[in-house]
file query13.tsv (TSV, N, CA and C atoms)
chain	number	residue	atom	x	y	z
A	15	GLN	N	-2.27	-18.99	-0.48
A	15	GLN	CA	-1.91	-18.27	0.73
A	15	GLN	C	-1.13	-17.01	0.35
A	16	VAL	N	-1.63	-15.89	0.80
A	16	VAL	CA	-1.00	-14.62	0.48
A	16	VAL	C	0.18	-14.38	1.41
A	17	GLN	N	1.29	-13.98	0.82
A	17	GLN	CA	2.48	-13.64	1.61
A	17	GLN	C	3.09	-12.35	1.11
A	18	LEU	N	3.48	-11.50	2.06
A	18	LEU	CA	4.26	-10.31	1.77
A	18	LEU	C	5.57	-10.45	2.53
A	19	VAL	N	6.68	-10.38	1.82
A	19	VAL	CA	7.98	-10.59	2.44
A	19	VAL	C	8.86	-9.36	2.20
A	20	GLU	N	9.20	-8.70	3.29
A	20	GLU	CA	10.04	-7.52	3.21
A	20	GLU	C	11.52	-7.91	3.28
A	21	SER	N	12.35	-7.07	2.66
A	21	SER	CA	13.79	-7.26	2.74
A	21	SER	C	14.46	-5.90	2.53
A	22	GLY	N	15.75	-5.84	2.86
A	22	GLY	CA	16.51	-4.63	2.61
A	22	GLY	C	16.80	-3.78	3.84
A	23	GLY	N	16.28	-4.18	4.98
A	23	GLY	CA	16.57	-3.43	6.20
A	23	GLY	C	18.00	-3.64	6.65
A	24	GLY	N	18.41	-2.88	7.66
A	24	GLY	CA	19.75	-3.01	8.19
A	24	GLY	C	20.12	-1.85	9.08
A	25	LEU	N	21.40	-1.81	9.42
A	25	LEU	CA	21.94	-0.75	10.27
A	25	LEU	C	22.77	0.20	9.41
A	26	VAL	N	22.43	1.49	9.45
A	26	VAL	CA	23.17	2.48	8.70
A	26	VAL	C	23.42	3.70	9.58
A	27	GLN	N	24.39	4.49	9.19
A	27	GLN	CA	24.64	5.75	9.88
A	27	GLN	C	23.70	6.82	9.35
A	28	ALA	N	23.48	7.82	10.16
A	28	ALA	CA	22.65	8.94	9.74
A	28	ALA	C	23.21	9.52	8.44
A	29	GLY	N	22.31	9.81	7.52
A	29	GLY	CA	22.71	10.29	6.21
A	29	GLY	C	22.83	9.20	5.17
A	30	GLY	N	22.82	7.96	5.63
A	30	GLY	CA	22.93	6.84	4.72
A	30	GLY	C	21.61	6.50	4.04
A	31	SER	N	21.65	5.48	3.22
A	31	SER	CA	20.47	5.11	2.43
A	31	SER	C	20.19	3.62	2.53
A	32	LEU	N	18.91	3.28	2.37
A	32	LEU	CA	18.48	1.90	2.25
A	32	LEU	C	17.35	1.84	1.23
A	33	ARG	N	17.19	0.68	0.61
A	33	ARG	CA	16.03	0.44	-0.25
A	33	ARG	C	15.35	-0.82	0.23
A	34	LEU	N	14.12	-0.65	0.67
A	34	LEU	CA	13.33	-1.79	1.11
A	34	LEU	C	12.55	-2.36	-0.07
A	35	SER	N	12.38	-3.67	-0.05
A	35	SER	CA	11.57	-4.35	-1.05
A	35	SER	C	10.51	-5.17	-0.35
A	36	CYS	N	9.39	-5.33	-1.02
A	36	CYS	CA	8.31	-6.17	-0.51
A	36	CYS	C	7.81	-7.01	-1.66
A	37	ALA	N	8.05	-8.30	-1.58
A	37	ALA	CA	7.63	-9.22	-2.62
A	37	ALA	C	6.34	-9.92	-2.20
A	38	ALA	N	5.35	-9.86	-3.07
A	38	ALA	CA	4.06	-10.46	-2.79
A	38	ALA	C	3.91	-11.77	-3.55
A	39	SER	N	3.28	-12.72	-2.91
A	39	SER	CA	3.01	-14.00	-3.56
A	39	SER	C	1.66	-14.51	-3.11
A	40	GLY	N	1.13	-15.43	-3.85
A	40	GLY	CA	-0.17	-16.01	-3.50
A	40	GLY	C	-1.32	-15.39	-4.25
A	41	ARG	N	-1.13	-14.18	-4.72
A	41	ARG	CA	-2.12	-13.52	-5.56
A	41	ARG	C	-1.44	-12.31	-6.17
A	42	THR	N	-2.03	-11.76	-7.18
A	42	THR	CA	-1.49	-10.56	-7.78
A	42	THR	C	-2.10	-9.33	-7.13
A	43	PHE	N	-1.29	-8.34	-6.88
A	43	PHE	CA	-1.76	-7.09	-6.30
A	43	PHE	C	-1.71	-5.96	-7.30
A	44	SER	N	-1.78	-6.31	-8.57
A	44	SER	CA	-1.64	-5.28	-9.59
A	44	SER	C	-2.83	-4.34	-9.63
A	45	ASN	N	-3.95	-4.68	-8.98
A	45	ASN	CA	-5.10	-3.80	-8.93
A	45	ASN	C	-5.34	-3.25	-7.53
A	46	SER	N	-4.32	-3.32	-6.69
A	46	SER	CA	-4.47	-2.93	-5.29
A	46	SER	C	-3.44	-1.90	-4.89
A	47	ALA	N	-3.81	-1.08	-3.92
A	47	ALA	CA	-2.84	-0.17	-3.33
A	47	ALA	C	-1.92	-0.95	-2.40
A	48	MET	N	-0.68	-0.48	-2.29
A	48	MET	CA	0.27	-1.08	-1.36
A	48	MET	C	0.97	0.03	-0.61
A	49	GLY	N	1.29	-0.27	0.64
A	49	GLY	CA	1.86	0.78	1.47
A	49	GLY	C	2.95	0.28	2.38
A	50	TRP	N	3.59	1.24	3.05
A	50	TRP	CA	4.61	0.96	4.05
A	50	TRP	C	4.23	1.67	5.35
A	51	PHE	N	4.43	0.96	6.43
A	51	PHE	CA	4.27	1.51	7.77
A	51	PHE	C	5.56	1.26	8.53
A	52	ARG	N	5.73	1.94	9.64
A	52	ARG	CA	6.86	1.66	10.51
A	52	ARG	C	6.43	1.76	11.96
A	53	GLN	N	7.16	1.02	12.78
A	53	GLN	CA	6.87	0.99	14.21
A	53	GLN	C	8.16	1.15	14.98
A	54	ALA	N	8.28	2.27	15.67
A	54	ALA	CA	9.44	2.52	16.52
A	54	ALA	C	9.26	1.77	17.83
A	55	PRO	N	10.35	1.49	18.52
A	55	PRO	CA	10.25	0.76	19.80
A	55	PRO	C	9.30	1.46	20.77
A	56	GLY	N	8.35	0.70	21.28
A	56	GLY	CA	7.42	1.23	22.27
A	56	GLY	C	6.33	2.12	21.72
A	57	LYS	N	6.21	2.20	20.40
A	57	LYS	CA	5.20	3.07	19.80
A	57	LYS	C	4.29	2.28	18.87
A	58	GLY	N	3.27	2.95	18.38
A	58	GLY	CA	2.33	2.32	17.47
A	58	GLY	C	2.85	2.26	16.06
A	59	ARG	N	2.06	1.64	15.19
A	59	ARG	CA	2.43	1.49	13.79
A	59	ARG	C	2.00	2.74	13.02
A	60	ASP	N	2.96	3.42	12.43
A	60	ASP	CA	2.70	4.69	11.75
A	60	ASP	C	2.79	4.56	10.23
A	61	PHE	N	1.91	5.25	9.56
A	61	PHE	CA	1.91	5.29	8.09
A	61	PHE	C	3.18	5.98	7.59
A	62	VAL	N	3.74	5.42	6.51
A	62	VAL	CA	4.92	6.03	5.87
A	62	VAL	C	4.59	6.47	4.44
A	63	ALA	N	4.10	5.54	3.64
A	63	ALA	CA	3.83	5.86	2.23
A	63	ALA	C	2.86	4.84	1.65
A	64	VAL	N	2.18	5.24	0.58
A	64	VAL	CA	1.25	4.35	-0.11
A	64	VAL	C	1.29	4.67	-1.60
A	65	ILE	N	1.00	3.65	-2.42
A	65	ILE	CA	1.04	3.82	-3.87
A	65	ILE	C	-0.15	3.12	-4.49
A	66	SER	N	-0.72	3.73	-5.52
A	66	SER	CA	-1.84	3.12	-6.23
A	66	SER	C	-1.34	1.99	-7.12
A	67	TRP	N	-2.28	1.24	-7.69
A	67	TRP	CA	-1.88	0.07	-8.47
A	67	TRP	C	-1.07	0.47	-9.70
A	68	SER	N	-1.36	1.61	-10.28
A	68	SER	CA	-0.64	2.03	-11.48
A	68	SER	C	0.66	2.76	-11.14
A	69	GLY	N	0.79	3.16	-9.87
A	69	GLY	CA	1.94	3.97	-9.48
A	69	GLY	C	1.73	5.45	-9.71
A	70	GLY	N	0.57	5.81	-10.24
A	70	GLY	CA	0.34	7.20	-10.58
A	70	GLY	C	-0.08	8.08	-9.42
A	71	ARG	N	-0.45	7.45	-8.33
A	71	ARG	CA	-0.86	8.21	-7.15
A	71	ARG	C	-0.07	7.71	-5.94
A	72	THR	N	0.57	8.63	-5.25
A	72	THR	CA	1.34	8.30	-4.05
A	72	THR	C	1.06	9.34	-2.97
A	73	TYR	N	1.13	8.87	-1.74
A	73	TYR	CA	1.01	9.76	-0.59
A	73	TYR	C	2.09	9.39	0.43
A	74	TYR	N	2.54	10.39	1.15
A	74	TYR	CA	3.61	10.19	2.12
A	74	TYR	C	3.26	10.85	3.45
A	75	ALA	N	3.81	10.30	4.52
A	75	ALA	CA	3.76	10.97	5.81
A	75	ALA	C	4.60	12.24	5.73
A	76	ASP	N	4.21	13.25	6.48
A	76	ASP	CA	4.94	14.51	6.45
A	76	ASP	C	6.41	14.33	6.84
A	77	SER	N	6.67	13.37	7.72
A	77	SER	CA	8.03	13.15	8.22
A	77	SER	C	8.99	12.61	7.16
A	78	VAL	N	8.45	12.05	6.08
A	78	VAL	CA	9.31	11.47	5.05
A	78	VAL	C	9.10	12.11	3.69
A	79	LYS	N	8.13	12.98	3.57
A	79	LYS	CA	7.83	13.61	2.29
A	79	LYS	C	9.04	14.38	1.79
A	80	GLY	N	9.40	14.16	0.54
A	80	GLY	CA	10.57	14.81	-0.03
A	80	GLY	C	11.86	14.03	0.18
A	81	ARG	N	11.82	13.02	1.03
A	81	ARG	CA	13.01	12.16	1.25
A	81	ARG	C	12.80	10.75	0.71
A	82	PHE	N	11.73	10.10	1.10
A	82	PHE	CA	11.48	8.72	0.70
A	82	PHE	C	10.69	8.68	-0.60
A	83	THR	N	10.87	7.59	-1.35
A	83	THR	CA	10.12	7.39	-2.58
A	83	THR	C	9.58	5.97	-2.62
A	84	ILE	N	8.29	5.85	-2.80
A	84	ILE	CA	7.66	4.54	-2.95
A	84	ILE	C	7.46	4.28	-4.44
A	85	SER	N	7.67	3.04	-4.85
A	85	SER	CA	7.46	2.65	-6.24
A	85	SER	C	7.05	1.20	-6.28
A	86	ARG	N	6.62	0.73	-7.44
A	86	ARG	CA	6.21	-0.67	-7.56
A	86	ARG	C	6.49	-1.17	-8.95
A	87	ASP	N	6.67	-2.48	-9.03
A	87	ASP	CA	6.84	-3.18	-10.29
A	87	ASP	C	5.80	-4.28	-10.32
A	88	ASN	N	4.70	-4.04	-11.01
A	88	ASN	CA	3.61	-5.01	-10.99
A	88	ASN	C	3.98	-6.31	-11.68
A	89	ALA	N	4.88	-6.26	-12.63
A	89	ALA	CA	5.32	-7.48	-13.29
A	89	ALA	C	6.03	-8.41	-12.31
A	90	LYS	N	6.67	-7.81	-11.31
A	90	LYS	CA	7.37	-8.59	-10.29
A	90	LYS	C	6.57	-8.71	-9.00
A	91	ASN	N	5.39	-8.10	-8.98
A	91	ASN	CA	4.55	-8.13	-7.78
A	91	ASN	C	5.33	-7.62	-6.56
A	92	THR	N	6.06	-6.54	-6.75
A	92	THR	CA	6.97	-6.03	-5.73
A	92	THR	C	6.79	-4.52	-5.57
A	93	VAL	N	6.86	-4.08	-4.33
A	93	VAL	CA	6.83	-2.65	-4.03
A	93	VAL	C	8.12	-2.29	-3.31
A	94	TYR	N	8.58	-1.07	-3.54
A	94	TYR	CA	9.86	-0.63	-3.00
A	94	TYR	C	9.69	0.64	-2.18
A	95	LEU	N	10.64	0.86	-1.28
A	95	LEU	CA	10.71	2.12	-0.55
A	95	LEU	C	12.17	2.55	-0.54
A	96	GLN	N	12.46	3.59	-1.31
A	96	GLN	CA	13.80	4.15	-1.36
A	96	GLN	C	13.93	5.16	-0.24
A	97	MET	N	14.96	4.99	0.60
A	97	MET	CA	15.11	5.83	1.79
A	97	MET	C	16.52	6.43	1.84
A	98	PRO	N	16.70	7.60	1.24
A	98	PRO	CA	17.98	8.29	1.36
A	98	PRO	C	17.97	9.21	2.58
A	99	SER	N	19.11	9.79	2.89
A	99	SER	CA	19.20	10.80	3.96
A	99	SER	C	18.53	10.34	5.25
A	100	LEU	N	18.83	9.14	5.66
A	100	LEU	CA	18.18	8.57	6.84
A	100	LEU	C	18.57	9.30	8.11
A	101	LYS	N	17.60	9.37	9.03
A	101	LYS	CA	17.79	10.03	10.31
A	101	LYS	C	17.56	9.02	11.43
A	102	PRO	N	18.13	9.25	12.61
A	102	PRO	CA	17.89	8.32	13.73
A	102	PRO	C	16.40	8.11	14.00
A	103	GLU	N	15.58	9.11	13.80
A	103	GLU	CA	14.15	8.98	14.05
A	103	GLU	C	13.43	8.12	13.01
A	104	ASP	N	14.14	7.68	11.97
A	104	ASP	CA	13.59	6.73	11.01
A	104	ASP	C	13.72	5.29	11.48
A	105	THR	N	14.37	5.09	12.61
A	105	THR	CA	14.57	3.75	13.15
A	105	THR	C	13.24	3.10	13.50
A	106	GLY	N	13.14	1.81	13.17
A	106	GLY	CA	11.93	1.06	13.50
A	106	GLY	C	11.82	-0.18	12.64
A	107	VAL	N	10.76	-0.92	12.88
A	107	VAL	CA	10.43	-2.06	12.02
A	107	VAL	C	9.51	-1.55	10.92
A	108	TYR	N	9.89	-1.82	9.70
A	108	TYR	CA	9.11	-1.37	8.55
A	108	TYR	C	8.27	-2.52	8.01
A	109	TYR	N	6.98	-2.26	7.87
A	109	TYR	CA	6.03	-3.26	7.41
A	109	TYR	C	5.45	-2.88	6.06
A	110	CYS	N	5.33	-3.88	5.21
A	110	CYS	CA	4.66	-3.73	3.94
A	110	CYS	C	3.20	-4.17	4.13
A	111	ALA	N	2.30	-3.49	3.44
A	111	ALA	CA	0.89	-3.82	3.55
A	111	ALA	C	0.22	-3.69	2.19
A	112	ALA	N	-0.81	-4.50	1.98
A	112	ALA	CA	-1.54	-4.46	0.72
A	112	ALA	C	-3.04	-4.37	1.00
A	113	ALA	N	-3.70	-3.56	0.22
A	113	ALA	CA	-5.15	-3.42	0.35
A	113	ALA	C	-5.85	-4.18	-0.77
A	114	GLU	N	-7.11	-4.48	-0.58
A	114	GLU	CA	-7.89	-5.14	-1.62
A	114	GLU	C	-8.67	-4.14	-2.44
A	115	THR	N	-8.17	-2.93	-2.49
A	115	THR	CA	-8.80	-1.86	-3.26
A	115	THR	C	-7.70	-0.95	-3.77
A	116	ASN	N	-8.04	-0.18	-4.77
A	116	ASN	CA	-7.07	0.79	-5.27
A	116	ASN	C	-7.07	2.03	-4.36
A	117	LEU	N	-6.14	2.91	-4.65
A	117	LEU	CA	-5.94	4.11	-3.84
A	117	LEU	C	-6.64	5.31	-4.48
A	118	TYR	N	-7.42	6.01	-3.66
A	118	TYR	CA	-8.07	7.23	-4.08
A	118	TYR	C	-7.79	8.31	-3.05
A	119	SER	N	-8.02	9.57	-3.43
A	119	SER	CA	-7.74	10.67	-2.50
A	119	SER	C	-8.58	10.57	-1.24
A	120	SER	N	-9.73	9.91	-1.33
A	120	SER	CA	-10.61	9.78	-0.18
A	120	SER	C	-10.33	8.52	0.64
A	121	SER	N	-9.38	7.72	0.20
A	121	SER	CA	-9.08	6.46	0.89
A	121	SER	C	-8.50	6.73	2.27
A	122	ASP	N	-8.80	5.84	3.18
A	122	ASP	CA	-8.33	5.95	4.56
A	122	ASP	C	-6.97	5.29	4.70
A	123	TYR	N	-6.06	5.63	3.81
A	123	TYR	CA	-4.81	4.91	3.65
A	123	TYR	C	-3.84	5.07	4.81
A	124	GLN	N	-4.06	6.05	5.68
A	124	GLN	CA	-3.14	6.24	6.80
A	124	GLN	C	-3.46	5.31	7.96
A	125	GLN	N	-4.58	4.62	7.87
A	125	GLN	CA	-5.00	3.74	8.95
A	125	GLN	C	-4.66	2.29	8.65
A	126	PRO	N	-4.00	1.60	9.58
A	126	PRO	CA	-3.67	0.19	9.34
A	126	PRO	C	-4.89	-0.66	9.00
A	127	ARG	N	-6.05	-0.33	9.51
A	127	ARG	CA	-7.23	-1.14	9.27
A	127	ARG	C	-7.69	-1.13	7.82
A	128	TRP	N	-7.19	-0.18	7.03
A	128	TRP	CA	-7.57	-0.09	5.62
A	128	TRP	C	-6.92	-1.19	4.79
A	129	TYR	N	-5.84	-1.78	5.33
A	129	TYR	CA	-5.07	-2.78	4.61
A	129	TYR	C	-5.50	-4.19	5.04
A	130	ASN	N	-5.38	-5.11	4.11
A	130	ASN	CA	-5.87	-6.48	4.34
A	130	ASN	C	-4.75	-7.49	4.57
A	131	TYR	N	-3.56	-7.19	4.09
A	131	TYR	CA	-2.45	-8.14	4.20
A	131	TYR	C	-1.21	-7.39	4.70
A	132	TRP	N	-0.44	-8.10	5.51
A	132	TRP	CA	0.76	-7.51	6.12
A	132	TRP	C	1.94	-8.47	6.03
A	133	GLY	N	3.13	-7.88	5.89
A	133	GLY	CA	4.34	-8.67	5.99
A	133	GLY	C	4.79	-8.77	7.43
A	134	GLN	N	5.90	-9.47	7.63
A	134	GLN	CA	6.44	-9.69	8.97
A	134	GLN	C	7.33	-8.55	9.44
A	135	GLY	N	7.75	-7.70	8.52
A	135	GLY	CA	8.54	-6.54	8.90
A	135	GLY	C	10.03	-6.75	8.69
A	136	THR	N	10.73	-5.64	8.48
A	136	THR	CA	12.18	-5.65	8.38
A	136	THR	C	12.72	-4.50	9.22
A	137	GLN	N	13.78	-4.77	9.97
A	137	GLN	CA	14.31	-3.79	10.92
A	137	GLN	C	15.21	-2.78	10.21
A	138	VAL	N	14.99	-1.52	10.52
A	138	VAL	CA	15.85	-0.44	10.07
A	138	VAL	C	16.37	0.28	11.30
A	139	ALA	N	17.68	0.39	11.41
A	139	ALA	CA	18.30	1.08	12.54
A	139	ALA	C	19.25	2.14	12.00
A	140	VAL	N	19.06	3.36	12.43
A	140	VAL	CA	19.88	4.47	11.97
A	140	VAL	C	20.63	5.04	13.18
A	141	SER	N	21.93	4.97	13.13
A	141	SER	CA	22.75	5.47	14.24
A	141	SER	C	23.15	6.91	13.98
A	142	SER	N	23.30	7.66	15.08
A	142	SER	CA	23.67	9.08	14.97
A	142	SER	C	25.17	9.26	14.93

call {"tool": "encode", "arguments": {"input": "query13.tsv", "output": "structure tokens"}}
result
Amino acid sequence: QVQLVESGGGLVQAGGSLRLSCAASGRTFSNSAMGWFRQAPGKGRDFVAVISWSGGRTYYADSVKGRFTISRDNAKNTVYLQMPSLKPEDTGVYYCAAAETNLYSSSDYQQPRWYNYWGQGTQVAVSS
């Protein structure tokens, strides 16, 4: 049984930092792309970042590009999202997702349907 478990969310003030982790179990994702999405209250699930299996290819949403950093440790089957300089508009539930394919420039990685496995989410709240 495949499981993705997110952790590291919380309540921080604007300008603060958080590091989210997503631990995968049930299978190895060392040959798969993994990503992060977020969902603000009353809104849809939006793409945040994605990373290839080697870590050599990453893509970010424009809203977080230059601020957030996605990384992974395949030995630990874990993906991370470093989030410094947080803003109130970063508030939402953050979801980890894994695809059954690697990441390419032509991949439809911004669409939730491209991913095959999802975690339960971790709440991030940024106060102004």

call {"tool": "residues_near_point", "arguments": {"input": "query13.tsv", "point": "(9.4, 2.1, -1.6)", "cutoff": "6 Å", "atoms": "all atoms listed in the file", "output": "number ranges by chain"}}
result
A: 34, 83-85, 93-96

call {"tool": "closest_residue", "arguments": {"input": "query13.tsv", "among": "A:Tyr118, A:Cys110, A:Lys101, A:Gly56", "to": "Glu20 (chain A)", "atoms": "only C-alpha atoms"}}
result
A:Cys110

call {"tool": "select_by_dssp", "arguments": {"input": "query13.tsv", "residues": "region 89-124 of chain A", "states": "strand (DSSP E or B)", "output": "PDB file with N, CA and C atoms, in the frame of the given file"}}
result
ATOM      1  N   THR A  92       6.060  -6.540  -6.750  1.00  0.00           N
ATOM      2  CA  THR A  92       6.970  -6.030  -5.730  1.00  0.00           C
ATOM      3  C   THR A  92       6.790  -4.520  -5.570  1.00  0.00           C
ATOM      4  N   VAL A  93       6.860  -4.080  -4.330  1.00  0.00           N
ATOM      5  CA  VAL A  93       6.830  -2.650  -4.030  1.00  0.00           C
ATOM      6  C   VAL A  93       8.120  -2.290  -3.310  1.00  0.00           C
ATOM      7  N   TYR A  94       8.580  -1.070  -3.540  1.00  0.00           N
ATOM      8  CA  TYR A  94       9.860  -0.630  -3.000  1.00  0.00           C
ATOM      9  C   TYR A  94       9.690   0.640  -2.180  1.00  0.00           C
ATOM     10  N   LEU A  95      10.640   0.860  -1.280  1.00  0.00           N
ATOM     11  CA  LEU A  95      10.710   2.120  -0.550  1.00  0.00           C
ATOM     12  C   LEU A  95      12.170   2.550  -0.540  1.00  0.00           C
ATOM     13  N   GLN A  96      12.460   3.590  -1.310  1.00  0.00           N
ATOM     14  CA  GLN A  96      13.800   4.150  -1.360  1.00  0.00           C
ATOM     15  C   GLN A  96      13.930   5.160  -0.240  1.00  0.00           C
ATOM     16  N   MET A  97      14.960   4.990   0.600  1.00  0.00           N
ATOM     17  CA  MET A  97      15.110   5.830   1.790  1.00  0.00           C
ATOM     18  C   MET A  97      16.520   6.430   1.840  1.00  0.00           C
ATOM     19  N   GLY A 106      13.140   1.810  13.170  1.00  0.00           N
ATOM     20  CA  GLY A 106      11.930   1.060  13.500  1.00  0.00           C
ATOM     21  C   GLY A 106      11.820  -0.180  12.640  1.00  0.00           C
ATOM     22  N   VAL A 107      10.760  -0.920  12.880  1.00  0.00           N
ATOM     23  CA  VAL A 107      10.430  -2.060  12.020  1.00  0.00           C
ATOM     24  C   VAL A 107       9.510  -1.550  10.920  1.00  0.00           C
ATOM     25  N   TYR A 108       9.890  -1.820   9.700  1.00  0.00           N
ATOM     26  CA  TYR A 108       9.110  -1.370   8.550  1.00  0.00           C
ATOM     27  C   TYR A 108       8.270  -2.520   8.010  1.00  0.00           C
ATOM     28  N   TYR A 109       6.980  -2.260   7.870  1.00  0.00           N
ATOM     29  CA  TYR A 109       6.030  -3.260   7.410  1.00  0.00           C
ATOM     30  C   TYR A 109       5.450  -2.880   6.060  1.00  0.00           C
ATOM     31  N   CYS A 110       5.330  -3.880   5.210  1.00  0.00           N
ATOM     32  CA  CYS A 110       4.660  -3.730   3.940  1.00  0.00           C
ATOM     33  C   CYS A 110       3.200  -4.170   4.130  1.00  0.00           C
ATOM     34  N   ALA A 111       2.300  -3.490   3.440  1.00  0.00           N
ATOM     35  CA  ALA A 111       0.890  -3.820   3.550  1.00  0.00           C
ATOM     36  C   ALA A 111       0.220  -3.690   2.190  1.00  0.00           C
ATOM     37  N   ALA A 112      -0.810  -4.500   1.980  1.00  0.00           N
ATOM     38  CA  ALA A 112      -1.540  -4.460   0.720  1.00  0.00           C
ATOM     39  C   ALA A 112      -3.040  -4.370   1.000  1.00  0.00           C
TER      40      ALA A 112
END

call {"tool": "axis_aligned_box", "arguments": {"input": "query13.tsv", "around": "region 53-64 of chain A", "padding_each_side": "6 Å", "output": "JSON"}}
result
{"center_x": 5.8, "center_y": 3.6, "center_z": 10.3, "size_x": 21.1, "size_y": 17.8, "size_z": 35.9}

call {"tool": "closest_residue", "arguments": {"input": "query13.tsv", "among": "A:Tyr129, A:Tyr108, A:Phe61, A:Trp67", "to": "Ala89 (chain A)", "atoms": "only C-alpha atoms"}}
result
A:Trp67

call {"tool": "residues_around", "arguments": {"input": "query13.tsv", "residues": "Trp132 (chain A)", "least_positions_apart": "6", "cutoff": "10 Å", "atoms": "only C-alpha atoms", "output": "ChimeraX atom specification"}}
result
/A:16-20,38,48-51,109-113,126

call {"tool": "build_atoms", "arguments": {"input": "query13.tsv", "residues": "region 61-67 of chain A", "atoms": "all heavy atoms", "output": "tab-separated table (two decimals), keeping the file's coordinate frame"}}
result
chain	number	residue	atom	x	y	z
A	61	PHE	N	1.91	5.25	9.56
A	61	PHE	CA	1.91	5.29	8.09
A	61	PHE	C	3.18	5.98	7.59
A	61	PHE	O	3.61	6.99	8.15
A	61	PHE	CB	0.68	6.05	7.62
A	61	PHE	CG	0.70	6.44	6.16
A	61	PHE	CD1	0.49	5.49	5.18
A	61	PHE	CD2	0.95	7.75	5.79
A	61	PHE	CE1	0.51	5.84	3.85
A	61	PHE	CE2	0.98	8.11	4.46
A	61	PHE	CZ	0.75	7.16	3.49
A	62	VAL	N	3.74	5.42	6.51
A	62	VAL	CA	4.92	6.03	5.87
A	62	VAL	C	4.59	6.47	4.44
A	62	VAL	O	4.80	7.63	4.09
A	62	VAL	CB	6.10	5.05	5.86
A	62	VAL	CG1	7.28	5.64	5.09
A	62	VAL	CG2	6.51	4.67	7.28
A	63	ALA	N	4.10	5.54	3.64
A	63	ALA	CA	3.83	5.86	2.23
A	63	ALA	C	2.86	4.84	1.65
A	63	ALA	O	2.76	3.72	2.14
A	63	ALA	CB	5.12	5.86	1.42
A	64	VAL	N	2.18	5.24	0.58
A	64	VAL	CA	1.25	4.35	-0.11
A	64	VAL	C	1.29	4.67	-1.60
A	64	VAL	O	1.58	5.82	-1.99
A	64	VAL	CB	-0.18	4.48	0.47
A	64	VAL	CG1	-0.73	5.88	0.21
A	64	VAL	CG2	-1.11	3.42	-0.11
A	65	ILE	N	1.00	3.65	-2.42
A	65	ILE	CA	1.04	3.82	-3.87
A	65	ILE	C	-0.15	3.12	-4.49
A	65	ILE	O	-0.55	2.04	-4.05
A	65	ILE	CB	2.37	3.30	-4.44
A	65	ILE	CG1	2.53	3.63	-5.92
A	65	ILE	CG2	2.53	1.80	-4.19
A	65	ILE	CD1	3.94	3.39	-6.46
A	66	SER	N	-0.72	3.73	-5.52
A	66	SER	CA	-1.84	3.12	-6.23
A	66	SER	C	-1.34	1.99	-7.12
A	66	SER	O	-0.14	1.83	-7.33
A	66	SER	CB	-2.56	4.17	-7.07
A	66	SER	OG	-1.68	4.66	-8.07
A	67	TRP	N	-2.28	1.24	-7.69
A	67	TRP	CA	-1.88	0.07	-8.47
A	67	TRP	C	-1.07	0.47	-9.70
A	67	TRP	O	-0.18	-0.26	-10.12
A	67	TRP	CB	-3.09	-0.76	-8.87
A	67	TRP	CG	-3.93	-0.16	-9.96
A	67	TRP	CD1	-5.01	0.65	-9.81
A	67	TRP	CD2	-3.78	-0.34	-11.37
A	67	TRP	NE1	-5.52	1.01	-11.02
A	67	TRP	CE2	-4.79	0.40	-12.00
A	67	TRP	CE3	-2.89	-1.07	-12.16
A	67	TRP	CZ2	-4.93	0.44	-13.38
A	67	TRP	CZ3	-3.02	-1.03	-13.53
A	67	TRP	CH2	-4.03	-0.28	-14.14
